[in-house]
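Source file: data.txt. Holds: compact mmCIF, C-alpha atoms.
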# COMPACT_ATOMS: atom_id res chain seq x y z
CA MET A 20 130.82 130.76 31.07
CA THR A 21 128.55 130.37 34.15
CA VAL A 22 129.72 129.33 37.59
CA ASP A 23 127.31 127.40 39.77
CA PRO A 24 127.67 128.88 43.27
CA VAL A 25 125.75 126.09 45.02
CA THR A 26 126.77 122.50 45.61
CA PRO A 27 125.66 120.23 42.80
CA PRO A 28 122.30 118.47 43.62
CA ARG A 29 123.79 114.97 43.46
CA SER A 30 126.39 115.74 46.15
CA ARG A 31 123.75 117.42 48.43
CA ALA A 32 121.53 114.33 48.28
CA ARG A 33 124.51 112.23 49.31
CA VAL A 34 125.07 114.39 52.43
CA ILE A 35 121.41 114.12 53.45
CA THR A 36 121.46 110.34 53.04
CA LEU A 37 124.56 110.14 55.20
CA VAL A 38 122.98 112.25 57.95
CA LEU A 39 119.84 110.08 57.90
CA ILE A 40 121.90 106.89 58.20
CA VAL A 41 123.81 108.29 61.16
CA LEU A 42 120.53 109.38 62.82
CA LEU A 43 118.93 105.97 62.28
CA LEU A 44 121.97 104.23 63.72
CA ALA A 45 121.86 106.51 66.76
CA LEU A 46 118.13 105.93 67.26
CA SER A 47 118.45 102.16 66.99
CA ALA A 48 120.76 102.28 70.00
CA ILE A 49 117.84 103.56 72.16
CA PRO A 50 115.29 100.90 73.11
CA ILE A 51 111.96 101.46 71.37
CA ALA A 52 110.14 101.06 74.72
CA ALA A 53 112.02 104.02 76.17
CA LEU A 54 111.13 106.15 73.15
CA TRP A 55 107.49 105.13 73.49
CA ARG A 56 107.50 106.04 77.17
CA ALA A 57 109.02 109.42 76.44
CA PHE A 58 107.05 110.47 73.37
CA GLY A 59 104.09 108.09 73.03
CA PRO A 60 100.62 108.71 74.49
CA LYS A 61 100.44 108.45 78.27
CA VAL A 62 98.77 105.20 79.29
CA ILE A 63 97.72 104.76 82.89
CA VAL A 64 96.73 101.33 84.09
CA ALA A 65 93.96 101.70 86.67
CA PRO A 66 95.55 100.90 90.05
CA ASP A 67 94.46 97.42 91.11
CA PHE A 68 93.06 96.69 94.57
CA ALA A 69 91.52 93.90 96.60
CA LEU A 70 88.63 94.83 98.94
CA ILE A 71 85.54 93.18 100.49
CA ASP A 72 82.26 93.29 98.54
CA GLN A 73 78.69 93.46 99.86
CA ASP A 74 78.55 89.65 100.04
CA ARG A 75 81.79 89.54 102.09
CA ARG A 76 83.75 88.14 99.16
CA THR A 77 87.16 89.40 98.11
CA PHE A 78 86.83 91.64 95.09
CA LYS A 79 89.77 92.40 92.82
CA LEU A 80 89.50 95.15 90.22
CA SER A 81 91.72 93.16 87.84
CA GLY A 82 89.11 90.39 88.00
CA LEU A 83 86.86 92.61 85.86
CA ARG A 84 89.42 92.82 83.03
CA GLY A 85 87.47 92.59 79.77
CA HIS A 86 84.62 94.71 81.10
CA PRO A 87 84.34 98.49 81.29
CA VAL A 88 84.23 99.68 84.91
CA VAL A 89 83.09 102.90 86.59
CA VAL A 90 84.54 103.55 90.05
CA PHE A 91 82.90 106.01 92.42
CA PHE A 92 83.73 106.79 96.06
CA GLY A 93 81.06 107.65 98.63
CA TYR A 94 79.27 106.50 101.77
CA THR A 95 75.81 105.25 102.64
CA HIS A 96 75.00 108.01 105.16
CA CYS A 97 75.40 110.53 102.35
CA PRO A 98 71.82 111.52 101.49
CA ASP A 99 72.39 113.89 98.59
CA VAL A 100 75.44 113.58 96.34
CA CYS A 101 76.12 109.81 96.45
CA PRO A 102 72.53 108.68 95.80
CA THR A 103 72.15 111.29 93.06
CA THR A 104 75.21 109.92 91.26
CA LEU A 105 74.27 106.27 91.80
CA ALA A 106 70.70 106.91 90.60
CA HIS A 107 71.98 108.58 87.42
CA LEU A 108 74.48 105.75 86.87
CA ALA A 109 71.69 103.18 87.33
CA GLN A 110 69.71 104.97 84.62
CA ALA A 111 72.71 105.33 82.29
CA VAL A 112 73.95 101.71 82.43
CA HIS A 113 70.49 100.56 81.37
CA SER A 114 70.42 102.88 78.36
CA PRO A 115 69.88 100.76 75.24
CA THR A 116 72.89 102.45 73.61
CA VAL A 117 75.34 101.27 76.29
CA PRO A 118 76.82 97.76 75.70
CA GLY A 119 75.43 96.42 78.97
CA ASP A 120 78.45 94.67 80.49
CA GLU A 121 79.44 97.80 82.40
CA HIS A 122 80.31 97.33 86.09
CA VAL A 123 79.65 100.07 88.62
CA VAL A 124 81.92 99.86 91.67
CA PHE A 125 81.09 101.96 94.73
CA ILE A 126 83.92 102.20 97.29
CA THR A 127 83.08 103.47 100.77
CA VAL A 128 84.94 106.40 102.31
CA ASP A 129 83.31 105.53 105.65
CA PRO A 130 84.36 101.95 106.54
CA ASP A 131 83.43 102.48 110.23
CA ARG A 132 79.74 102.62 109.38
CA ASP A 133 79.64 100.88 105.99
CA SER A 134 79.87 97.17 106.70
CA PRO A 135 79.22 94.71 103.83
CA GLY A 136 75.65 94.27 105.12
CA VAL A 137 74.97 98.03 105.15
CA LEU A 138 76.45 98.34 101.65
CA LYS A 139 74.34 95.46 100.37
CA ARG A 140 71.10 97.12 101.48
CA TYR A 141 72.32 100.40 100.01
CA VAL A 142 73.64 99.48 96.55
CA ARG A 143 70.65 97.28 95.70
CA LEU A 144 68.38 100.33 96.12
CA PHE A 145 69.94 101.56 92.89
CA ASP A 146 70.83 98.43 90.94
CA PRO A 147 71.31 94.85 92.19
CA GLN A 148 74.31 94.56 89.83
CA PHE A 149 76.24 97.38 91.52
CA VAL A 150 79.25 96.38 93.61
CA GLY A 151 79.71 97.97 97.06
CA LEU A 152 83.20 97.72 98.54
CA THR A 153 84.56 98.16 102.02
CA GLY A 154 87.47 96.90 104.09
CA SER A 155 89.76 97.98 106.87
CA LEU A 156 91.03 101.55 106.74
CA LYS A 157 94.49 100.03 106.28
CA SER A 158 93.36 98.29 103.09
CA LEU A 159 91.30 101.26 101.84
CA GLU A 160 93.80 104.06 102.35
CA PRO A 161 96.19 102.90 99.58
CA VAL A 162 93.17 102.77 97.23
CA TYR A 163 92.17 106.35 98.13
CA ALA A 164 95.75 107.45 97.56
CA ALA A 165 96.16 105.60 94.25
CA TYR A 166 93.00 107.28 92.93
CA HIS A 167 93.94 110.68 94.39
CA MET A 168 90.71 110.67 96.36
CA ALA A 169 90.81 112.97 99.40
CA ARG A 170 88.49 112.43 102.34
CA GLN A 171 87.85 114.05 105.69
CA ALA A 172 85.20 113.33 108.33
CA VAL A 173 83.46 116.45 109.65
CA PRO A 174 80.78 116.75 112.35
CA ILE A 175 77.30 117.63 111.04
CA ASN A 176 76.08 119.19 114.28
CA HIS A 177 78.33 120.26 117.08
CA GLY A 178 77.59 118.35 120.25
CA THR A 179 76.54 115.13 118.49
CA ASP A 180 78.65 112.30 117.16
CA ASP A 181 76.92 112.43 113.78
CA TYR A 182 79.35 113.17 111.00
CA SER A 183 79.50 113.54 107.27
CA VAL A 184 82.50 112.71 105.10
CA VAL A 185 83.87 115.31 102.73
CA HIS A 186 85.19 113.33 99.81
CA GLY A 187 86.32 113.44 96.20
CA THR A 188 83.38 112.92 93.87
CA SER A 189 85.05 112.13 90.56
CA LEU A 190 83.94 109.17 88.47
CA TYR A 191 86.74 106.98 87.11
CA TYR A 192 86.14 105.26 83.78
CA ILE A 193 88.28 102.16 83.24
CA GLY A 194 88.31 100.42 79.86
CA ARG A 195 88.09 96.72 79.05
CA ASP A 196 91.89 96.70 78.86
CA GLY A 197 92.21 97.99 82.43
CA ILE A 198 93.45 101.36 81.21
CA MET A 199 92.13 104.61 82.71
CA LYS A 200 90.01 106.14 79.94
CA GLY A 201 88.60 109.27 81.54
CA PHE A 202 86.97 111.02 84.44
CA GLY A 203 83.50 112.30 85.19
CA SER A 204 81.76 114.42 87.78
CA TRP A 205 78.97 113.58 90.23
CA GLU A 206 77.05 116.44 88.60
CA ASP A 207 76.92 114.65 85.22
CA ASP A 208 73.29 113.95 84.35
CA THR A 209 72.08 110.69 82.85
CA PRO A 210 72.60 111.68 79.17
CA GLU A 211 76.18 112.83 79.94
CA LEU A 212 76.93 109.61 81.82
CA THR A 213 75.47 107.59 78.95
CA GLN A 214 77.78 109.40 76.50
CA ASP A 215 80.81 108.75 78.71
CA LEU A 216 79.92 105.08 79.21
CA LYS A 217 79.86 104.67 75.42
CA ARG A 218 83.03 106.69 74.94
CA PHE A 219 85.17 105.19 77.70
CA GLN A 220 85.16 101.50 76.85
CA MET B 21 22.10 124.40 123.77
CA MET B 22 25.67 124.33 125.11
CA LEU B 23 26.63 122.24 122.11
CA ARG B 24 25.11 124.74 119.69
CA VAL B 25 27.00 127.63 121.33
CA LEU B 26 30.17 125.60 121.09
CA TRP B 27 29.61 124.96 117.37
CA ILE B 28 28.95 128.65 116.72
CA LEU B 29 32.06 129.55 118.71
CA LEU B 30 34.11 127.02 116.78
CA PHE B 31 32.73 128.38 113.51
CA VAL B 32 33.49 132.00 114.39
CA VAL B 33 36.96 131.18 115.63
CA GLY B 34 37.61 128.78 112.76
CA LEU B 35 36.44 131.15 110.03
CA PRO B 36 39.50 133.42 109.84
CA SER B 37 41.87 130.45 109.68
CA LEU B 38 39.74 128.90 106.95
CA THR B 39 39.75 132.01 104.81
CA SER B 40 43.48 132.49 105.25
CA ALA B 41 43.98 128.86 104.26
CA GLU B 42 42.65 129.69 100.79
CA THR B 43 45.79 131.75 100.11
CA PRO B 44 48.45 130.10 102.27
CA ALA B 45 51.54 132.13 102.97
CA ILE B 46 53.71 129.15 102.03
CA SER B 47 52.99 126.47 99.47
CA VAL B 48 55.11 123.45 98.68
CA THR B 49 55.37 121.82 95.25
CA ASP B 50 57.32 118.90 93.74
CA ALA B 51 58.22 117.35 97.09
CA TRP B 52 60.00 114.09 96.29
CA SER B 53 62.30 111.49 97.75
CA ARG B 54 64.20 108.37 96.71
CA PRO B 55 64.11 104.75 97.82
CA ALA B 56 66.37 104.73 100.86
CA THR B 57 67.62 102.79 103.84
CA GLY B 58 68.99 104.42 107.00
CA ASP B 59 69.12 107.98 105.76
CA GLY B 60 66.64 109.53 103.39
CA VAL B 61 66.38 112.80 101.55
CA ILE B 62 63.57 115.17 100.59
CA TYR B 63 63.73 117.76 97.83
CA ALA B 64 60.95 120.29 97.16
CA THR B 65 60.20 123.80 96.00
CA LEU B 66 59.01 126.22 98.68
CA HIS B 67 56.90 129.16 97.49
CA ASN B 68 56.39 132.22 99.63
CA ASN B 69 53.16 133.98 98.66
CA ALA B 70 53.52 136.63 101.36
CA PRO B 71 55.08 140.09 100.96
CA VAL B 72 57.60 139.30 103.72
CA ALA B 73 60.54 136.93 103.73
CA ASP B 74 60.16 133.66 105.62
CA LYS B 75 62.43 130.76 106.43
CA LEU B 76 62.15 127.03 106.94
CA ILE B 77 63.35 126.24 110.46
CA GLY B 78 62.39 122.62 110.97
CA ALA B 79 60.57 119.57 109.67
CA SER B 80 59.03 116.39 111.00
CA SER B 81 57.60 113.16 109.65
CA PRO B 82 56.21 110.06 111.33
CA LEU B 83 58.71 108.07 109.20
CA ALA B 84 61.79 109.88 110.57
CA ARG B 85 63.31 110.03 114.04
CA HIS B 86 64.82 113.35 113.10
CA ILE B 87 64.93 115.62 110.06
CA GLY B 88 67.92 117.89 109.52
CA LEU B 89 68.15 120.91 107.24
CA HIS B 90 71.28 120.47 105.15
CA GLU B 91 73.23 122.17 102.46
CA THR B 92 75.69 120.50 100.12
CA SER B 93 78.53 122.68 99.00
CA GLU B 94 81.21 121.96 96.51
CA MET B 95 84.88 122.75 96.54
CA LYS B 96 86.41 122.76 93.07
CA MET B 97 89.92 121.44 93.31
CA PRO B 98 92.62 122.76 91.04
CA SER B 99 93.80 120.09 88.62
CA MET B 100 96.49 118.16 90.42
CA SER B 101 99.74 117.19 88.85
CA THR B 102 99.36 113.43 88.78
CA PRO B 103 100.88 110.82 86.52
CA MET B 104 97.54 110.85 84.69
CA GLY B 105 99.10 112.29 81.56
CA LYS B 106 96.64 113.82 79.16
CA MET B 107 93.78 113.33 81.58
CA PRO B 108 94.29 115.86 84.35
CA MET B 109 92.43 115.43 87.59
CA THR B 110 89.89 118.18 87.70
CA GLY B 111 88.04 116.59 90.56
CA SER B 112 85.68 118.12 93.00
CA MET B 113 84.93 117.49 96.63
CA THR B 114 81.57 117.97 98.20
CA SER B 115 80.73 118.56 101.81
CA MET B 116 77.45 118.63 103.63
CA LYS B 117 76.64 120.84 106.56
CA ALA B 118 73.65 121.39 108.80
CA VAL B 119 71.99 124.79 108.48
CA SER B 120 69.69 126.38 111.06
CA SER B 121 67.27 127.71 108.45
CA ILE B 122 66.56 127.84 104.72
CA PRO B 123 65.43 131.30 103.54
CA VAL B 124 62.40 131.78 101.29
CA PRO B 125 62.26 135.34 99.88
CA ALA B 126 59.09 137.45 99.85
CA HIS B 127 56.96 136.61 96.79
CA GLY B 128 59.70 134.19 95.78
CA SER B 129 60.65 130.59 96.02
CA THR B 130 63.54 128.39 97.12
CA SER B 131 64.27 125.03 95.55
CA LEU B 132 65.70 122.14 97.52
CA THR B 133 67.57 120.20 94.83
CA PRO B 134 70.38 117.62 94.54
CA GLY B 135 73.67 119.35 95.29
CA GLY B 136 72.06 122.19 97.25
CA TYR B 137 69.60 122.48 100.13
CA HIS B 138 67.87 119.27 101.17
CA LEU B 139 66.18 117.64 104.14
CA MET B 140 68.01 114.66 105.59
CA LEU B 141 65.81 112.07 107.28
CA ASP B 142 67.00 109.69 109.96
CA LEU B 143 64.54 107.01 108.83
CA ARG B 144 62.54 104.72 111.11
CA ARG B 145 62.12 102.33 108.18
CA ASP B 146 63.18 101.95 104.54
CA LEU B 147 61.47 104.04 101.86
CA LYS B 148 60.16 102.23 98.80
CA ALA B 149 59.41 103.63 95.36
CA GLY B 150 55.82 104.75 94.94
CA GLU B 151 55.03 105.47 98.56
CA THR B 152 54.26 108.84 100.11
CA VAL B 153 56.17 110.43 102.99
CA PRO B 154 53.90 112.57 105.21
CA LEU B 155 55.71 115.75 106.07
CA ARG B 156 55.26 118.84 108.21
CA LEU B 157 57.45 121.84 107.52
CA HIS B 158 57.96 124.51 110.16
CA PHE B 159 58.37 128.09 108.93
CA ALA B 160 59.38 131.00 111.15
CA ARG B 161 56.42 133.17 110.06
CA ALA B 162 53.92 130.88 108.38
CA GLY B 163 54.09 128.22 111.10
CA TRP B 164 53.56 124.54 110.31
CA VAL B 165 52.72 123.55 106.73
CA THR B 166 51.51 120.02 106.06
CA THR B 167 52.57 118.37 102.82
CA SER B 168 53.85 115.04 101.53
CA ALA B 169 56.69 113.78 99.35
CA GLN B 170 56.50 111.12 96.65
CA VAL B 171 59.19 108.42 96.68
CA ARG B 172 60.23 108.36 93.04
CA PRO B 173 61.63 105.16 91.50
CA ILE B 174 65.33 105.18 90.60
CA ARG B 175 64.53 104.57 86.92
Just give me the structure as structure tokens.
Amino acid sequence: MTVDPVTPPRSRARVITLVLIVLLLALSAIPIAALWRAFGPKVIVAPDFALIDQDRRTFKLSGLRGHPVVVFFGYTHCPDVCPTTLAHLAQAVHSPTVPGDEHVVFITVDPDRDSPGVLKRYVRLFDPQFVGLTGSLKSLEPVYAAYHMARQAVPINHGTDDYSVVHGTSLYYIGRDGIMKGFGSWEDDTPELTQDLKRFQ
Amino acid sequence: MMLRVLWILLFVVGLPSLTSAETPAISVTDAWSRPATGDGVIYATLHNNAPVADKLIGASSPLARHIGLHETSEMKMPSMSTPMGKMPMTGSMTSMKAVSSIPVPAHGSTSLTPGGYHLMLDLRRDLKAGETVPLRLHFARAGWVTTSAQVRPIR
């Protein structure tokens, strides 16, 4: 005569089923949304803002919903980094492999000098479709903060009032759904920007 | 007679500078600029053909009220803890400062490129694609070197 030391299979299956039912009941008590927030992929809606464009019209980021957007911060008295980035972006958005409804939004970090008129002359050097945004410092500062963009004015030459603005030079890619899709660098060349424009829709 | 003496004098005096001009101590290649309004930029490669180091100490152009020697430097920021989830902020900040000179090593070259050394022009008028910016570069040893920069189209 043999004695089975383990629980018979039928009874073990019953225990597992019971445990699963209890777990499911417990889970159903937690709202699905809370579970999604805790364990789902992190989704960041690009912070919305309302600023003044180069034609002195109010521009709202959410007004571009449905289009991919690239946001870049800079200033018109910046001779090196900002024009390099804007020139590469102008080349990339016209790549035949990019959908073509991309919007490039340039936000000034130097509202004292960058009036809408100054921005208009500046952005159209690169692409007449580019948007140049300015506003009061009071309206711009929350935008800088929301995009974690640091800025600091520093004198270029001691003894003169000429200054440059040290600023964050990340590119922010926002998808058609208004969700933050990725970041880029001012050092990205045209092929890299083209790749990112295709990727971050 | 006086005129002939003057010509001979000019020739004799001018000869050494002419011969030295065949192998200039400093030569400039790939000088270029972008369409610009207000402030312009010039990038170039400076070649030092002499056995001693030299440095660029100034520049002038009829199209600029003032030309500054600048250097862009970058500060890599550590990725910040933001609510950006899987996409950490690995941003960078750039700053631009005036420099008193740009060194050009003996028998070497220095490139003025985006994100590094550059000349910043306080423009008298806008620069348009296709035009040429006359330029004089002042070197500590080689003196003034005349060149020009092409305004390249954006695309």
Got a sec to check which residues sit within 9 Å of (68.8, 101.3, 90.8), counting all atoms listed in the file, and write them as an mmCIF file with C-alpha atoms, in the coordinates of the input?
data_model
loop_
_atom_site.group_PDB
_atom_site.id
_atom_site.type_symbol
_atom_site.label_atom_id
_atom_site.label_comp_id
_atom_site.auth_asym_id
_atom_site.auth_seq_id
_atom_site.Cartn_x
_atom_site.Cartn_y
_atom_site.Cartn_z
ATOM 1 C CA LEU A 105 74.270 106.270 91.800
ATOM 2 C CA ALA A 106 70.700 106.910 90.600
ATOM 3 C CA HIS A 107 71.980 108.580 87.420
ATOM 4 C CA LEU A 108 74.480 105.750 86.870
ATOM 5 C CA ALA A 109 71.690 103.180 87.330
ATOM 6 C CA GLN A 110 69.710 104.970 84.620
ATOM 7 C CA VAL A 142 73.640 99.480 96.550
ATOM 8 C CA ARG A 143 70.650 97.280 95.700
ATOM 9 C CA LEU A 144 68.380 100.330 96.120
ATOM 10 C CA PHE A 145 69.940 101.560 92.890
ATOM 11 C CA ASP A 146 70.830 98.430 90.940
ATOM 12 C CA PRO A 147 71.310 94.850 92.190
ATOM 13 C CA GLN A 148 74.310 94.560 89.830
ATOM 14 C CA PHE A 149 76.240 97.380 91.520
ATOM 15 C CA PRO B 173 61.630 105.160 91.500
ATOM 16 C CA ILE B 174 65.330 105.180 90.600
ATOM 17 C CA ARG B 175 64.530 104.570 86.920
#
Determine, for each residue of chain A having at least one atom at most 9 Å from an atom of chain B, the closest pair of atoms and their separation in Å to one decimal, counting all atoms listed in the file; order by chain and ascending number, as CSV.
residue,atom,partner,partner_atom,distance
A:Pro60,CA,B:Lys106,CA,8.0
A:Lys61,CA,B:Gly105,CA,5.2
A:Val62,CA,B:Gly105,CA,7.5
A:Ile63,CA,B:Met104,CA,6.4
A:Thr95,CA,B:Asp59,CA,7.9
A:His96,CA,B:Asp59,CA,5.9
A:Cys97,CA,B:Asp59,CA,7.6
A:Pro98,CA,B:Val61,CA,5.6
A:Asp99,CA,B:Pro134,CA,5.9
A:Val100,CA,B:Gly135,CA,6.1
A:Pro102,CA,B:Arg54,CA,8.4
A:Thr103,CA,B:Pro134,CA,6.7
A:Ala106,CA,B:Ile174,CA,5.6
A:His107,CA,B:Ile174,CA,8.1
A:Ala109,CA,B:Arg175,CA,7.3
A:Gln110,CA,B:Arg175,CA,5.7
A:Val137,CA,B:Thr57,CA,8.9
A:Arg140,CA,B:Thr57,CA,7.1
A:Tyr141,CA,B:Thr57,CA,6.5
A:Leu144,CA,B:Pro55,CA,6.4
A:Phe145,CA,B:Ile174,CA,6.3
A:Asp146,CA,B:Ile174,CA,8.7
A:His167,CA,B:Thr102,CA,8.3
A:Met168,CA,B:Gly111,CA,8.7
A:Ala169,CA,B:Met113,CA,7.9
A:Arg170,CA,B:Met113,CA,8.4
A:Val173,CA,B:Ser115,CA,8.6
A:Pro174,CA,B:Lys117,CA,8.2
A:Ile175,CA,B:Lys117,CA,5.6
A:Asn176,CA,B:Ala118,CA,6.4
A:Ser183,CA,B:Met116,CA,6.6
A:Val184,CA,B:Ser115,CA,6.9
A:Val185,CA,B:Ser115,CA,4.6
A:His186,CA,B:Met113,CA,5.2
A:Gly187,CA,B:Met113,CA,4.3
A:Thr188,CA,B:Met113,CA,5.6
A:Ser189,CA,B:Gly111,CA,5.4
A:Leu190,CA,B:Gly111,CA,8.7
A:Met199,CA,B:Met104,CA,8.5
A:Lys200,CA,B:Met107,CA,8.3
A:Gly201,CA,B:Met107,CA,6.6
A:Phe202,CA,B:Met109,CA,7.7
A:Gly203,CA,B:Gly111,CA,8.2
A:Ser204,CA,B:Gly111,CA,7.2
A:Trp205,CA,B:Ser112,CA,8.6
A:Glu206,CA,B:Gly135,CA,8.0
Can those selected residues be exported to a file as a compact mmCIF listing (two decimals), in the coordinates of the input so that it contains C-alpha atoms?
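Saved result, selection.txt, follows:
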# COMPACT_ATOMS: atom_id res chain seq x y z
CA PRO A 60 100.62 108.71 74.49
CA LYS A 61 100.44 108.45 78.27
CA VAL A 62 98.77 105.20 79.29
CA ILE A 63 97.72 104.76 82.89
CA THR A 95 75.81 105.25 102.64
CA HIS A 96 75.00 108.01 105.16
CA CYS A 97 75.40 110.53 102.35
CA PRO A 98 71.82 111.52 101.49
CA ASP A 99 72.39 113.89 98.59
CA VAL A 100 75.44 113.58 96.34
CA PRO A 102 72.53 108.68 95.80
CA THR A 103 72.15 111.29 93.06
CA ALA A 106 70.70 106.91 90.60
CA HIS A 107 71.98 108.58 87.42
CA ALA A 109 71.69 103.18 87.33
CA GLN A 110 69.71 104.97 84.62
CA VAL A 137 74.97 98.03 105.15
CA ARG A 140 71.10 97.12 101.48
CA TYR A 141 72.32 100.40 100.01
CA LEU A 144 68.38 100.33 96.12
CA PHE A 145 69.94 101.56 92.89
CA ASP A 146 70.83 98.43 90.94
CA HIS A 167 93.94 110.68 94.39
CA MET A 168 90.71 110.67 96.36
CA ALA A 169 90.81 112.97 99.40
CA ARG A 170 88.49 112.43 102.34
CA VAL A 173 83.46 116.45 109.65
CA PRO A 174 80.78 116.75 112.35
CA ILE A 175 77.30 117.63 111.04
CA ASN A 176 76.08 119.19 114.28
CA SER A 183 79.50 113.54 107.27
CA VAL A 184 82.50 112.71 105.10
CA VAL A 185 83.87 115.31 102.73
CA HIS A 186 85.19 113.33 99.81
CA GLY A 187 86.32 113.44 96.20
CA THR A 188 83.38 112.92 93.87
CA SER A 189 85.05 112.13 90.56
CA LEU A 190 83.94 109.17 88.47
CA MET A 199 92.13 104.61 82.71
CA LYS A 200 90.01 106.14 79.94
CA GLY A 201 88.60 109.27 81.54
CA PHE A 202 86.97 111.02 84.44
CA GLY A 203 83.50 112.30 85.19
CA SER A 204 81.76 114.42 87.78
CA TRP A 205 78.97 113.58 90.23
CA GLU A 206 77.05 116.44 88.60
CA of His158 in chain B to CA of Asn68 in chain B measures 13.1 Å
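If you look at CA of Leu159 in chain A and CA of Gly85 in chain A, they are 24.0 Å away from each other.
With all atoms listed in the file as the atoms that count, the residue of A:Gly82, A:Glu121, A:Leu138, A:Ala165 with the shortest distance to Gln220 in chain A is A:Glu121.
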Sphere at (77.9, 104.8, 74.7), radius 10 Å, counting all atoms listed in the file: residues as a PyMOL selection string: chain A and resi 111-112+114-119+210-220
A straight line from CA of Asp74 in chain B to CA of Pro125 in chain B spans 6.3 Å
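Of the listed residues (B:Val124, B:Ile46, B:Leu89, B:Ala162), B:Val124 comes nearest to Ala73 in chain B; the distances count all atoms listed in the file.
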